[in-house]
>>> print(open('entry23.txt').read())   # compact mmCIF, C-alpha atoms
# COMPACT_ATOMS: atom_id res chain seq x y z
CA MET A 649 87.36 52.91 -79.13
CA THR A 650 89.64 50.27 -80.65
CA ASN A 651 90.11 46.78 -79.47
CA PRO A 652 93.49 46.08 -77.87
CA GLU A 653 95.88 44.39 -80.28
CA PRO A 654 97.03 41.04 -79.05
CA SER A 655 100.74 41.34 -79.68
CA LEU A 656 103.72 40.42 -77.54
CA GLU A 657 103.51 43.81 -75.95
CA SER A 658 99.91 42.97 -75.39
CA PHE A 659 98.79 45.64 -73.07
CA SER A 660 96.85 48.73 -73.84
CA ALA A 661 96.70 51.91 -71.94
CA LEU A 662 93.31 53.16 -72.83
CA PRO A 663 92.90 56.51 -74.50
CA GLN A 664 92.05 59.16 -71.99
CA GLY A 665 88.86 61.09 -72.13
CA ALA A 666 86.54 58.13 -72.38
CA PRO A 667 83.38 59.68 -70.99
CA ALA A 668 82.21 58.17 -67.75
CA ILE A 669 78.84 57.36 -69.20
CA GLN A 670 78.77 53.96 -67.53
CA ALA A 671 78.99 55.52 -64.10
CA SER A 672 75.37 55.41 -63.13
CA PRO A 673 74.19 58.15 -60.78
CA ASP A 674 72.88 55.67 -58.21
CA MET A 675 76.41 54.27 -57.88
CA GLU A 676 77.34 57.49 -56.06
CA GLY A 677 74.66 56.74 -53.47
CA ARG A 678 75.69 53.10 -53.16
CA LEU A 679 79.28 54.08 -52.51
CA GLN A 680 78.31 56.68 -49.95
CA GLU A 681 76.24 54.06 -48.18
CA LEU A 682 79.24 51.74 -48.16
CA VAL A 683 81.44 54.42 -46.60
CA LEU A 684 78.93 54.89 -43.81
CA VAL A 685 78.30 51.25 -42.98
CA SER A 686 81.85 49.90 -43.26
CA LYS A 687 83.50 49.03 -39.98
CA ASP A 688 87.01 49.47 -41.36
CA VAL A 689 89.06 49.84 -44.51
CA ILE A 690 89.12 46.10 -45.25
CA SER A 691 85.38 45.68 -45.04
CA PHE A 692 84.87 48.69 -47.30
CA LEU A 693 87.30 47.29 -49.86
CA THR A 694 85.61 43.89 -49.73
CA ASP A 695 82.23 45.43 -50.44
CA LEU A 696 83.82 47.42 -53.24
CA ALA A 697 85.31 44.28 -54.78
CA VAL A 698 81.97 42.47 -54.59
CA LEU A 699 80.25 45.44 -56.19
CA ALA A 700 82.79 45.57 -59.03
CA SER A 701 82.42 41.84 -59.69
CA ALA A 702 78.66 42.07 -59.74
CA ARG A 703 78.82 44.96 -62.17
CA LEU A 704 81.24 43.42 -64.65
CA SER A 705 80.34 39.72 -64.55
CA THR A 706 78.17 38.31 -67.31
CA PRO A 707 76.56 34.86 -67.35
CA GLY A 708 79.40 33.22 -69.30
CA ASN A 709 82.19 35.29 -67.84
CA ARG A 710 82.55 35.60 -64.10
CA ILE A 711 84.88 38.38 -62.99
CA HIS A 712 86.89 38.03 -59.80
CA THR A 713 87.97 41.27 -58.19
CA GLY A 714 90.75 42.10 -55.77
CA VAL A 715 91.69 45.50 -54.39
CA THR A 716 95.12 46.32 -53.04
CA VAL A 717 95.94 49.51 -51.15
CA ILE A 718 99.54 50.41 -50.54
CA ARG A 719 100.59 52.94 -47.98
CA ARG A 720 104.14 53.67 -46.97
CA LYS A 721 105.42 51.24 -49.57
CA ARG A 722 103.72 48.29 -47.92
CA PRO A 723 100.55 46.57 -48.99
CA GLU A 724 98.31 47.96 -46.32
CA ALA A 725 95.04 46.34 -47.17
CA LEU A 726 93.98 43.53 -49.39
CA ALA A 727 90.39 42.68 -50.06
CA SER A 728 88.61 40.61 -52.64
CA SER A 729 85.25 39.53 -53.94
CA ASP A 730 86.10 35.87 -53.37
CA ALA A 731 88.85 33.48 -52.35
CA ALA A 732 90.10 33.01 -55.92
CA ALA A 733 90.82 36.72 -56.37
CA ARG A 734 92.48 36.88 -52.99
CA ALA A 735 94.80 34.00 -53.83
CA LEU A 736 95.75 35.70 -57.10
CA ASP A 737 96.51 39.02 -55.40
CA GLU A 738 98.59 37.36 -52.76
CA LEU A 739 100.42 35.38 -55.41
CA GLN A 740 101.36 38.57 -57.19
CA ASN A 741 102.45 40.37 -54.03
CA GLY A 742 104.53 37.31 -53.23
CA PHE A 743 106.35 37.55 -56.57
CA GLY A 744 106.66 41.29 -56.01
CA ASP A 745 105.76 41.96 -59.63
CA GLY A 746 102.91 41.42 -62.05
CA PRO A 747 100.41 43.33 -64.17
CA CYS A 748 98.52 44.84 -61.21
CA LEU A 749 101.62 46.07 -59.44
CA THR A 750 102.88 47.45 -62.76
CA ALA A 751 99.58 49.28 -63.32
CA LEU A 752 99.89 50.67 -59.81
CA ARG A 753 103.42 51.92 -60.42
CA ASN A 754 102.64 53.45 -63.81
CA GLY A 755 99.28 54.84 -62.78
CA THR A 756 97.68 53.59 -65.98
CA THR A 757 95.18 50.87 -66.80
CA LEU A 758 96.80 47.67 -67.94
CA LEU A 759 95.10 44.90 -69.88
CA VAL A 760 96.47 41.42 -70.45
CA PRO A 761 93.93 40.05 -72.96
CA ASP A 762 95.40 36.56 -73.03
CA LEU A 763 97.91 35.19 -70.57
CA THR A 764 99.20 32.62 -73.08
CA ASP A 765 100.57 35.49 -75.19
CA GLU A 766 102.11 37.34 -72.26
CA ARG A 767 105.89 37.24 -71.94
CA ARG A 768 106.34 39.59 -68.98
CA TRP A 769 106.11 38.52 -65.33
CA ALA A 770 106.72 34.90 -66.39
CA PRO A 771 106.56 33.21 -62.97
CA TYR A 772 103.39 35.04 -61.98
CA VAL A 773 101.68 34.52 -65.34
CA LYS A 774 102.41 30.80 -65.17
CA ALA A 775 100.99 30.52 -61.67
CA ALA A 776 97.92 32.58 -62.60
CA GLN A 777 97.24 30.33 -65.60
CA GLU A 778 97.44 27.30 -63.36
CA ASN A 779 94.71 28.97 -61.32
CA GLY A 780 92.49 29.18 -64.37
CA VAL A 781 92.97 32.87 -65.24
CA SER A 782 93.05 33.84 -68.90
CA SER A 783 92.84 37.60 -68.89
CA ILE A 784 93.59 40.34 -66.39
CA LEU A 785 92.56 43.96 -66.18
CA ALA A 786 94.29 46.19 -63.64
CA VAL A 787 92.86 49.65 -62.98
CA PRO A 788 94.76 52.00 -60.68
CA MET A 789 92.82 54.25 -58.34
CA ASP A 790 93.97 57.82 -57.92
CA LEU A 791 94.10 58.49 -54.18
CA SER A 792 95.87 61.85 -54.46
CA GLY A 793 99.05 60.79 -52.77
CA GLU A 794 97.39 59.61 -49.56
CA ALA A 795 97.97 56.04 -50.62
CA GLU A 796 98.03 54.03 -53.78
CA GLY A 797 95.36 51.63 -54.84
CA VAL A 798 94.67 49.25 -57.67
CA MET A 799 91.63 47.21 -58.64
CA ASN A 800 92.55 43.83 -60.07
CA LEU A 801 90.03 42.09 -62.29
CA TYR A 802 90.50 38.49 -63.32
CA SER A 803 88.58 36.56 -65.94
CA GLY A 804 88.69 32.89 -66.88
CA CYS A 805 87.99 33.75 -70.53
CA SER A 806 90.64 34.96 -72.92
CA SER A 807 89.80 38.49 -74.03
CA GLY A 808 87.44 38.53 -71.09
CA PHE A 809 87.27 42.32 -71.08
CA THR A 810 85.69 44.31 -73.87
CA ALA A 811 86.50 47.94 -74.53
CA GLU A 812 83.20 48.76 -72.89
CA ASP A 813 84.10 46.69 -69.82
CA ILE A 814 87.33 48.61 -69.55
CA SER A 815 85.67 52.01 -69.55
CA THR A 816 83.05 50.75 -67.08
CA ALA A 817 85.82 49.51 -64.81
CA GLU A 818 87.71 52.79 -65.11
CA ALA A 819 84.63 54.87 -64.37
CA PHE A 820 83.84 52.67 -61.39
CA ALA A 821 87.41 52.86 -60.10
CA SER A 822 87.49 56.62 -60.30
CA GLN A 823 84.19 56.92 -58.42
CA ALA A 824 85.34 54.38 -55.87
CA ALA A 825 88.61 56.24 -55.39
CA SER A 826 86.98 59.28 -53.80
CA SER A 827 85.00 57.08 -51.44
CA LEU A 828 88.14 55.17 -50.61
CA ARG A 829 89.99 58.39 -49.80
CA LEU A 830 87.22 59.26 -47.38
CA VAL A 831 87.38 55.84 -45.74
CA LEU A 832 91.16 56.06 -45.43
CA ARG A 833 90.92 59.49 -43.88
CA ILE A 834 88.32 58.39 -41.36
CA ALA A 835 90.46 55.39 -40.47
CA GLN A 836 93.50 57.62 -40.05
CA LEU A 837 91.64 60.04 -37.79
CA SER A 838 90.24 57.35 -35.55
CA GLU A 839 93.67 55.75 -35.35
CA ALA A 840 95.15 59.09 -34.33
CA ARG A 841 92.41 59.52 -31.75
CA ASN A 842 93.12 56.09 -30.27
CA ASP A 843 96.84 56.79 -30.17
CA LEU A 844 96.14 60.05 -28.37
CA ALA A 845 93.88 58.39 -25.81
CA ILE A 846 96.59 55.82 -25.11
CA ALA A 847 99.16 58.62 -24.82
CA MET A 848 97.02 60.43 -22.24
CA GLN A 849 96.78 57.30 -20.12
CA SER A 850 100.47 56.62 -20.35
CA ARG A 851 101.45 60.20 -19.63
CA THR A 852 99.39 60.35 -16.47
CA VAL A 853 101.13 57.30 -15.04
CA ILE A 854 104.58 58.51 -16.05
CA ASP A 855 104.06 62.07 -14.74
CA MET A 856 102.85 60.67 -11.42
CA ALA A 857 105.89 58.44 -11.10
CA ILE A 858 108.18 61.36 -11.98
CA GLY A 859 106.59 63.41 -9.21
CA ALA A 860 107.02 60.58 -6.76
CA ILE A 861 110.69 60.16 -7.65
CA MET A 862 111.23 63.93 -7.37
CA ALA A 863 109.74 63.93 -3.87
CA GLU A 864 111.66 60.89 -2.76
CA ASN A 865 115.04 62.00 -4.14
CA ARG A 866 114.57 65.74 -3.77
CA CYS A 867 115.65 66.10 -7.37
CA THR A 868 114.61 67.96 -10.52
CA ARG A 869 112.17 66.65 -13.08
CA ASP A 870 115.00 66.00 -15.52
CA ALA A 871 116.91 63.99 -12.95
CA ALA A 872 113.79 62.00 -12.11
CA PHE A 873 113.26 61.26 -15.78
CA LYS A 874 116.82 60.06 -16.04
CA ILE A 875 116.28 57.64 -13.15
CA LEU A 876 113.10 56.30 -14.72
CA THR A 877 114.50 55.92 -18.25
CA LYS A 878 117.63 54.24 -16.89
CA ALA A 879 115.53 51.70 -15.02
CA SER A 880 113.49 51.11 -18.15
CA SER A 881 116.45 50.50 -20.47
CA ALA A 882 118.40 48.45 -17.94
CA ARG A 883 115.53 46.03 -17.45
CA ASN A 884 114.21 46.31 -20.97
CA ILE A 885 110.76 47.17 -19.64
CA LYS A 886 108.57 49.86 -21.16
CA LEU A 887 108.81 53.24 -19.48
CA ARG A 888 105.12 53.24 -18.72
CA GLU A 889 105.35 49.85 -16.99
CA VAL A 890 108.30 50.96 -14.86
CA ALA A 891 106.28 54.03 -13.90
CA ALA A 892 103.27 51.89 -12.99
CA ALA A 893 105.55 49.73 -10.83
CA VAL A 894 106.87 52.82 -9.05
CA ILE A 895 103.33 53.96 -8.24
CA SER A 896 102.10 50.57 -7.06
CA SER A 897 105.20 50.21 -4.84
CA ILE A 898 104.21 53.44 -3.13
CA SER A 899 100.44 53.24 -2.86
CA GLY A 900 99.56 49.77 -4.03
CA GLU A 901 97.39 51.24 -6.79
CA LYS A 902 97.50 49.05 -9.87
CA GLN A 903 95.15 50.95 -12.10
CA ILE A 904 95.54 54.62 -12.86
CA ASP A 905 92.81 55.80 -15.19
CA THR A 906 92.61 58.92 -17.21
CA TYR A 907 89.16 59.78 -18.40
CA PHE A 908 89.18 60.91 -21.94
CA ASP A 909 85.77 61.79 -23.22
CA GLU A 910 84.94 62.40 -26.80
CA MET B 994 129.12 70.69 -39.40
CA ASN B 995 128.50 72.73 -36.29
CA PRO B 996 127.26 76.18 -37.23
CA PHE B 997 127.39 77.45 -33.65
CA GLY B 998 131.15 77.77 -33.42
CA THR B 999 133.69 75.91 -31.38
CA GLU B 1000 132.33 76.20 -27.90
CA GLY B 1001 132.50 72.81 -26.17
CA PRO B 1002 133.53 70.75 -29.18
CA GLU B 1003 133.33 67.36 -27.43
CA PRO B 1004 129.77 67.44 -26.10
CA ALA B 1005 128.55 69.35 -29.16
CA ASP B 1006 129.96 66.68 -31.43
CA ARG B 1007 128.29 64.02 -29.40
CA ALA B 1008 124.98 65.82 -29.61
CA VAL B 1009 125.35 66.21 -33.37
CA GLU B 1010 126.18 62.54 -33.74
CA GLU B 1011 123.29 61.47 -31.58
CA ARG B 1012 120.93 63.69 -33.48
CA ARG B 1013 122.13 62.30 -36.79
CA GLY B 1014 121.76 58.76 -35.46
CA THR B 1015 118.22 59.38 -34.28
CA ALA B 1016 117.28 61.14 -37.52
CA GLU B 1017 118.68 58.28 -39.55
CA ARG B 1018 116.86 55.70 -37.49
CA PHE B 1019 113.63 57.61 -37.98
CA ARG B 1020 114.09 57.71 -41.76
CA LYS B 1021 114.66 53.97 -41.86
CA THR B 1022 111.52 53.12 -39.89
CA ASP B 1023 109.00 54.93 -42.12
CA LEU B 1024 107.05 55.66 -38.97
CA PRO B 1025 104.61 58.53 -39.45
CA LEU B 1026 105.79 61.64 -37.60
CA ALA B 1027 102.41 62.10 -35.90
CA ARG B 1028 102.54 58.60 -34.44
CA LEU B 1029 106.02 59.10 -33.09
CA TRP B 1030 105.11 62.44 -31.61
CA THR B 1031 101.95 61.09 -29.95
CA TYR B 1032 103.85 58.19 -28.42
CA TYR B 1033 106.67 60.46 -27.29
CA TYR B 1034 104.09 62.79 -25.75
CA GLY B 1035 102.66 59.80 -23.91
CA LEU B 1036 106.06 59.17 -22.37
CA GLY B 1037 106.04 62.70 -20.99
CA GLY B 1038 107.70 64.41 -23.92
CA GLY B 1039 107.77 68.18 -23.82
CA ILE B 1040 108.39 69.51 -27.32
CA ASP B 1041 105.74 70.05 -29.96
CA GLU B 1042 105.40 68.12 -33.17
CA MET B 1043 106.92 70.78 -35.36
CA SER B 1044 110.03 71.02 -33.21
CA LEU B 1045 110.30 67.26 -33.27
CA ASP B 1046 110.16 67.40 -37.05
CA ALA B 1047 112.89 70.03 -37.11
CA TYR B 1048 115.02 67.98 -34.73
CA LEU B 1049 114.63 64.89 -36.91
CA HIS B 1050 115.70 66.94 -39.91
CA GLU B 1051 118.79 67.94 -37.98
CA ALA B 1052 117.68 71.54 -37.93
CA LEU B 1053 117.12 72.06 -34.21
CA ASP B 1054 118.93 71.28 -30.98
CA ILE B 1055 116.80 70.14 -28.07
CA PRO B 1056 117.57 69.27 -24.44
CA ALA B 1057 119.33 65.94 -23.88
CA GLY B 1058 116.43 64.61 -21.81
CA GLN B 1059 114.06 65.05 -24.73
CA VAL B 1060 116.53 63.31 -27.03
CA ALA B 1061 116.49 60.30 -24.73
CA LEU B 1062 112.69 60.25 -24.73
CA ILE B 1063 112.51 60.42 -28.51
CA ALA B 1064 114.95 57.55 -28.83
CA MET B 1065 112.96 55.59 -26.27
CA ALA B 1066 109.66 56.30 -28.07
CA MET B 1067 111.15 55.02 -31.29
CA THR B 1068 112.47 51.87 -29.64
CA GLU B 1069 109.19 51.07 -27.91
CA LEU B 1070 107.16 51.73 -31.06
CA MET B 1071 109.40 49.49 -33.12
CA GLU B 1072 109.04 46.71 -30.59
CA GLY B 1073 105.29 46.92 -30.98
CA GLU B 1074 105.63 46.88 -34.75
CA SER B 1075 107.67 43.69 -34.91
CA LEU B 1076 105.20 41.78 -32.77
>>> encode(input="entry23.txt", output="C-alpha cells")
Amino acid sequence: MTNPEPSLESFSALPQGAPAIQASPDMEGRLQELVLVSKDVISFLTDLAVLASARLSTPGNRIHTGVTVIRRKRPEALASSDAAARALDELQNGFGDGPCLTALRNGTTLLVPDLTDERRWAPYVKAAQENGVSSILAVPMDLSGEAEGVMNLYSGCSSGFTAEDISTAEAFASQAASSLRLVLRIAQLSEARNDLAIAMQSRTVIDMAIGAIMAENRCTRDAAFKILTKASSARNIKLREVAAAVISSISGEKQIDTYFDE
Amino acid sequence: MNPFGTEGPEPADRAVEERRGTAERFRKTDLPLARLWTYYYGLGGGIDEMSLDAYLHEALDIPAGQVALIAMAMTELMEGESL
C-alpha cells in the first residue's frame, strides 16, 4: 500500500481489495450486541462512533468520529463520538458540501491528509481548521440503497491517518454497515407498526362517525364521507377530530379506544 | 390524454387534472408510499396500497370519494411534517 501523495488534488481513493485483516472477529459480536441494546438509530450510531474513535485513536492522535445517515435526500441521523465531531459534521451539512459529503456522493473513501494543502470546499476547510482539524478521513458505508451513510473521522494532526488506519477504518465501516442496515430496518418496521396502530384508532372513530351521519341523514356512506370531509376542510380541523366531535355530540363519549395487541 | 374515449369530456378532464395534481404533489413531498397509504387507511380509505400506487402514477382511475381522502391524507400528513 502506498502513502497518499500530498498534492493539490490531495485525496486518495484507496485501492480496492485491501484484505479486511484488521476486522477482528470479536468486532462482529460487539456490533451485534450494539444492535440489540440500542434504543434507536441515533443511539446505535453514537455507540458506533465511540467504538470507531476508540479503535483508531492513539496516545498522540485522538480521532473524533461522526456518522451521518441520509435517507430521502435529507440527513436523517447524525451521531458522534463527542461534541467536537458533532460540530464539524453540522458545519459541513450547513455548507452543504465538504469531503464527507463528497465521499458519500462518490461512494469512495476520501482522505484529506492536510487541510492547509486543500483547495476544495474552501469555506468548510477554513472553518474546520479554525476548529483545530488538520486531517480528515471520510469512509462511506454501503447500505444497499436503503439509505446512505458516511463515517467522518477527524484528526488534529496533519497526516493523522496512516495507510493502515485507512484500511482499518474501511474494514470497520463495512462491518458496521450491515449492522446499521439491520438497525434501520428494525426502526422502519417499528415505525410502520406505530403508524398502523394510530391508523386503526383513527379509523374506528371515523367509521363510527360515518355510521352516525348515515343514520341521521339517511344517506349513503359516500355522502356521509362528503359531509365529514367538508366539515373538516371548512374548519381546517383534522378529519379524525371532526369525527370525534360528532361522536361526543351524540353520546358524550370522549375516548374511543381500539385495542391493538401485538 | 384520455385513453377511454370521449364519453363525458368535462368531468373526465377534471378527474385527469385532479389525478395529475395529486400525483405531482405526492412526488414533491417525498413521502413514503406506505406512510401515505397507512394514514389514508386510517381516514377510512378503501383502496389497497398497490392501487394507490397505480393511481399516483396516473395509471388507474378511482372513485372521487377516495381521491378526496387521498388528498386529505396528504394535507394532514404534511401539516404534521412542518411542525
>>> residues_near_point(input="entry23.txt", point="(107.8, 40.2, -58.4)", cutoff="10 Å", atoms="all atoms listed in the file", output="list in words")
Leu739, Gln740, Asn741, Gly742, Phe743, Gly744, Asp745, Gly746, Pro747, Leu749, Thr750, Trp769, Ala770, Pro771 and Tyr772 of chain A
>>> atom_distance(input="entry23.txt", atom1="CA of Val1060 in chain B", atom2="CA of Gln836 in chain A")
27.1 Å
>>> closest_atom_pairs(input="entry23.txt", of="chain A", to="chain B", cutoff="9 Å", atoms="all atoms listed in the file", output="tab-separated table")
residue	atom	partner	partner_atom	distance
A:Arg720	CA	B:Asp1023	CA	7.0
A:Ala840	CA	B:Arg1028	CA	7.4
A:Asp843	CA	B:Thr1031	CA	6.7
A:Leu844	CA	B:Thr1031	CA	6.1
A:Ile846	CA	B:Gly1035	CA	7.4
A:Ala847	CA	B:Gly1035	CA	3.8
A:Met848	CA	B:Gly1035	CA	5.9
A:Gln849	CA	B:Gly1035	CA	7.4
A:Ser850	CA	B:Gly1035	CA	5.3
A:Arg851	CA	B:Gly1035	CA	4.5
A:Thr852	CA	B:Gly1035	CA	8.1
A:Ile854	CA	B:Leu1036	CA	6.5
A:Asp855	CA	B:Gly1037	CA	6.6
A:Asp870	CA	B:Gly1058	CA	6.6
A:Ala871	CA	B:Gly1058	CA	8.9
A:Phe873	CA	B:Gly1058	CA	7.6
A:Lys874	CA	B:Gly1058	CA	7.4
A:Thr877	CA	B:Leu1062	CA	8.0
A:Ser881	CA	B:Met1065	CA	8.5
A:Lys886	CA	B:Glu1069	CA	6.9
A:Leu887	CA	B:Leu1036	CA	7.1
A:Arg888	CA	B:Leu1036	CA	7.0
>>> closest_residue(input="entry23.txt", among="A:Asp813, A:Asp674, A:Asp790, A:Asp737", to="Asn754 in chain A", atoms="all atoms listed in the file")
A:Asp790
>>> residues_around(input="entry23.txt", residues="Asp1054 in chain B", least_positions_apart="3", cutoff="10 Å", atoms="all atoms listed in the file", output="list in words")
Ala1005, Ala1008, Val1009, Arg1012, Ser1044, Leu1045, Ala1047, Tyr1048, Leu1049, Glu1051, Ala1057 and Val1060 of chain B
>>> closest_residue(input="entry23.txt", among="A:Ala725, A:Met862, A:Leu759, A:Ala845", to="Ala795 in chain A", atoms="only C-alpha atoms")
A:Ala725
>>> residues_near_point(input="entry23.txt", point="(89.6, 32.4, -68.9)", cutoff="9 Å", atoms="only C-alpha atoms", output="list in words")
Asn709, Asp762, Leu763, Gln777, Gly780, Val781, Ser782, Ser783, Tyr802, Ser803, Gly804, Cys805, Ser806, Ser807 and Gly808 of chain A
>>> write_last_selection(input="entry23.txt", atoms="C-alpha atoms", output="PDB file, in the frame of the given file")
ATOM      1  CA  ASN A 709      82.190  35.290 -67.840  1.00  0.00           C
ATOM      2  CA  ASP A 762      95.400  36.560 -73.030  1.00  0.00           C
ATOM      3  CA  LEU A 763      97.910  35.190 -70.570  1.00  0.00           C
ATOM      4  CA  GLN A 777      97.240  30.330 -65.600  1.00  0.00           C
ATOM      5  CA  GLY A 780      92.490  29.180 -64.370  1.00  0.00           C
ATOM      6  CA  VAL A 781      92.970  32.870 -65.240  1.00  0.00           C
ATOM      7  CA  SER A 782      93.050  33.840 -68.900  1.00  0.00           C
ATOM      8  CA  SER A 783      92.840  37.600 -68.890  1.00  0.00           C
ATOM      9  CA  TYR A 802      90.500  38.490 -63.320  1.00  0.00           C
ATOM     10  CA  SER A 803      88.580  36.560 -65.940  1.00  0.00           C
ATOM     11  CA  GLY A 804      88.690  32.890 -66.880  1.00  0.00           C
ATOM     12  CA  CYS A 805      87.990  33.750 -70.530  1.00  0.00           C
ATOM     13  CA  SER A 806      90.640  34.960 -72.920  1.00  0.00           C
ATOM     14  CA  SER A 807      89.800  38.490 -74.030  1.00  0.00           C
ATOM     15  CA  GLY A 808      87.440  38.530 -71.090  1.00  0.00           C
TER      16      GLY A 808
END
>>> axis_aligned_box(input="entry23.txt", around="range 1034-1039 of chain B", padding_each_side="4 Å", output="lines of an AutoDock Vina configuration file")
center_x = 105.2
center_y = 63.7
center_z = -23.4
size_x = 13.1
size_y = 17.0
size_z = 12.8
>>> residues_around(input="entry23.txt", residues="Arg869 in chain A", least_positions_apart="6", cutoff="9 Å", atoms="all atoms listed in the file", output="PyMOL selection string")
chain A and resi 858-859+861-862
>>> atom_distance(input="entry23.txt", atom1="CA of Val717 in chain A", atom2="CA of Gln680 in chain A")
19.1 Å
>>> atom_distance(input="entry23.txt", atom1="CA of Ile1040 in chain B", atom2="CA of Met1067 in chain B")
15.3 Å
>>> closest_residue(input="entry23.txt", among="A:Ser827, A:Ser880, A:Ser899, A:Thr810", to="Leu684 in chain A", atoms="all atoms listed in the file")
A:Ser827
>>> build_atoms(input="entry23.txt", residues="range 776-796 of chain A", atoms="N, CA and C atoms", output="PDB file, in the frame of the given file")
ATOM      1  N   ALA A 776      99.286  32.109 -62.424  1.00  0.00           N
ATOM      2  CA  ALA A 776      97.920  32.580 -62.600  1.00  0.00           C
ATOM      3  C   ALA A 776      97.167  31.668 -63.578  1.00  0.00           C
ATOM      4  N   GLN A 777      97.858  31.248 -64.631  1.00  0.00           N
ATOM      5  CA  GLN A 777      97.240  30.330 -65.600  1.00  0.00           C
ATOM      6  C   GLN A 777      96.847  29.016 -64.938  1.00  0.00           C
ATOM      7  N   GLU A 778      97.749  28.546 -64.079  1.00  0.00           N
ATOM      8  CA  GLU A 778      97.440  27.300 -63.360  1.00  0.00           C
ATOM      9  C   GLU A 778      96.189  27.462 -62.498  1.00  0.00           C
ATOM     10  N   ASN A 779      95.920  28.710 -62.112  1.00  0.00           N
ATOM     11  CA  ASN A 779      94.710  28.970 -61.320  1.00  0.00           C
ATOM     12  C   ASN A 779      93.492  29.260 -62.189  1.00  0.00           C
ATOM     13  N   GLY A 780      93.642  29.063 -63.485  1.00  0.00           N
ATOM     14  CA  GLY A 780      92.490  29.180 -64.370  1.00  0.00           C
ATOM     15  C   GLY A 780      92.214  30.584 -64.896  1.00  0.00           C
ATOM     16  N   VAL A 781      93.186  31.506 -64.756  1.00  0.00           N
ATOM     17  CA  VAL A 781      92.970  32.870 -65.240  1.00  0.00           C
ATOM     18  C   VAL A 781      93.421  32.963 -66.689  1.00  0.00           C
ATOM     19  N   SER A 782      92.636  33.657 -67.510  1.00  0.00           N
ATOM     20  CA  SER A 782      93.050  33.840 -68.900  1.00  0.00           C
ATOM     21  C   SER A 782      93.306  35.290 -69.252  1.00  0.00           C
ATOM     22  N   SER A 783      92.542  36.192 -68.621  1.00  0.00           N
ATOM     23  CA  SER A 783      92.840  37.600 -68.890  1.00  0.00           C
ATOM     24  C   SER A 783      92.728  38.422 -67.609  1.00  0.00           C
ATOM     25  N   ILE A 784      93.489  39.489 -67.590  1.00  0.00           N
ATOM     26  CA  ILE A 784      93.590  40.340 -66.390  1.00  0.00           C
ATOM     27  C   ILE A 784      93.426  41.798 -66.796  1.00  0.00           C
ATOM     28  N   LEU A 785      92.656  42.510 -65.988  1.00  0.00           N
ATOM     29  CA  LEU A 785      92.560  43.960 -66.180  1.00  0.00           C
ATOM     30  C   LEU A 785      92.907  44.622 -64.849  1.00  0.00           C
ATOM     31  N   ALA A 786      93.884  45.503 -64.870  1.00  0.00           N
ATOM     32  CA  ALA A 786      94.290  46.190 -63.640  1.00  0.00           C
ATOM     33  C   ALA A 786      94.022  47.676 -63.797  1.00  0.00           C
ATOM     34  N   VAL A 787      93.220  48.228 -62.898  1.00  0.00           N
ATOM     35  CA  VAL A 787      92.860  49.650 -62.980  1.00  0.00           C
ATOM     36  C   VAL A 787      93.344  50.365 -61.723  1.00  0.00           C
ATOM     37  N   PRO A 788      94.300  51.279 -61.867  1.00  0.00           N
ATOM     38  CA  PRO A 788      94.760  52.000 -60.680  1.00  0.00           C
ATOM     39  C   PRO A 788      93.714  52.998 -60.196  1.00  0.00           C
ATOM     40  N   MET A 789      93.736  53.258 -58.898  1.00  0.00           N
ATOM     41  CA  MET A 789      92.820  54.250 -58.340  1.00  0.00           C
ATOM     42  C   MET A 789      93.638  55.439 -57.852  1.00  0.00           C
ATOM     43  N   ASP A 790      93.230  56.613 -58.279  1.00  0.00           N
ATOM     44  CA  ASP A 790      93.970  57.820 -57.920  1.00  0.00           C
ATOM     45  C   ASP A 790      93.543  58.275 -56.523  1.00  0.00           C
ATOM     46  N   LEU A 791      94.437  58.127 -55.562  1.00  0.00           N
ATOM     47  CA  LEU A 791      94.100  58.490 -54.180  1.00  0.00           C
ATOM     48  C   LEU A 791      94.831  59.754 -53.750  1.00  0.00           C
ATOM     49  N   SER A 792      95.254  60.542 -54.722  1.00  0.00           N
ATOM     50  CA  SER A 792      95.870  61.850 -54.460  1.00  0.00           C
ATOM     51  C   SER A 792      96.992  61.799 -53.453  1.00  0.00           C
ATOM     52  N   GLY A 793      97.844  60.824 -53.593  1.00  0.00           N
ATOM     53  CA  GLY A 793      99.050  60.790 -52.770  1.00  0.00           C
ATOM     54  C   GLY A 793      98.855  60.277 -51.366  1.00  0.00           C
ATOM     55  N   GLU A 794      97.592  60.104 -50.920  1.00  0.00           N
ATOM     56  CA  GLU A 794      97.390  59.610 -49.560  1.00  0.00           C
ATOM     57  C   GLU A 794      97.790  58.153 -49.446  1.00  0.00           C
ATOM     58  N   ALA A 795      97.614  57.455 -50.544  1.00  0.00           N
ATOM     59  CA  ALA A 795      97.970  56.040 -50.620  1.00  0.00           C
ATOM     60  C   ALA A 795      97.892  55.702 -52.100  1.00  0.00           C
ATOM     61  N   GLU A 796      98.188  54.462 -52.408  1.00  0.00           N
ATOM     62  CA  GLU A 796      98.030  54.030 -53.780  1.00  0.00           C
ATOM     63  C   GLU A 796      97.107  52.830 -53.786  1.00  0.00           C
TER      64      GLU A 796
END
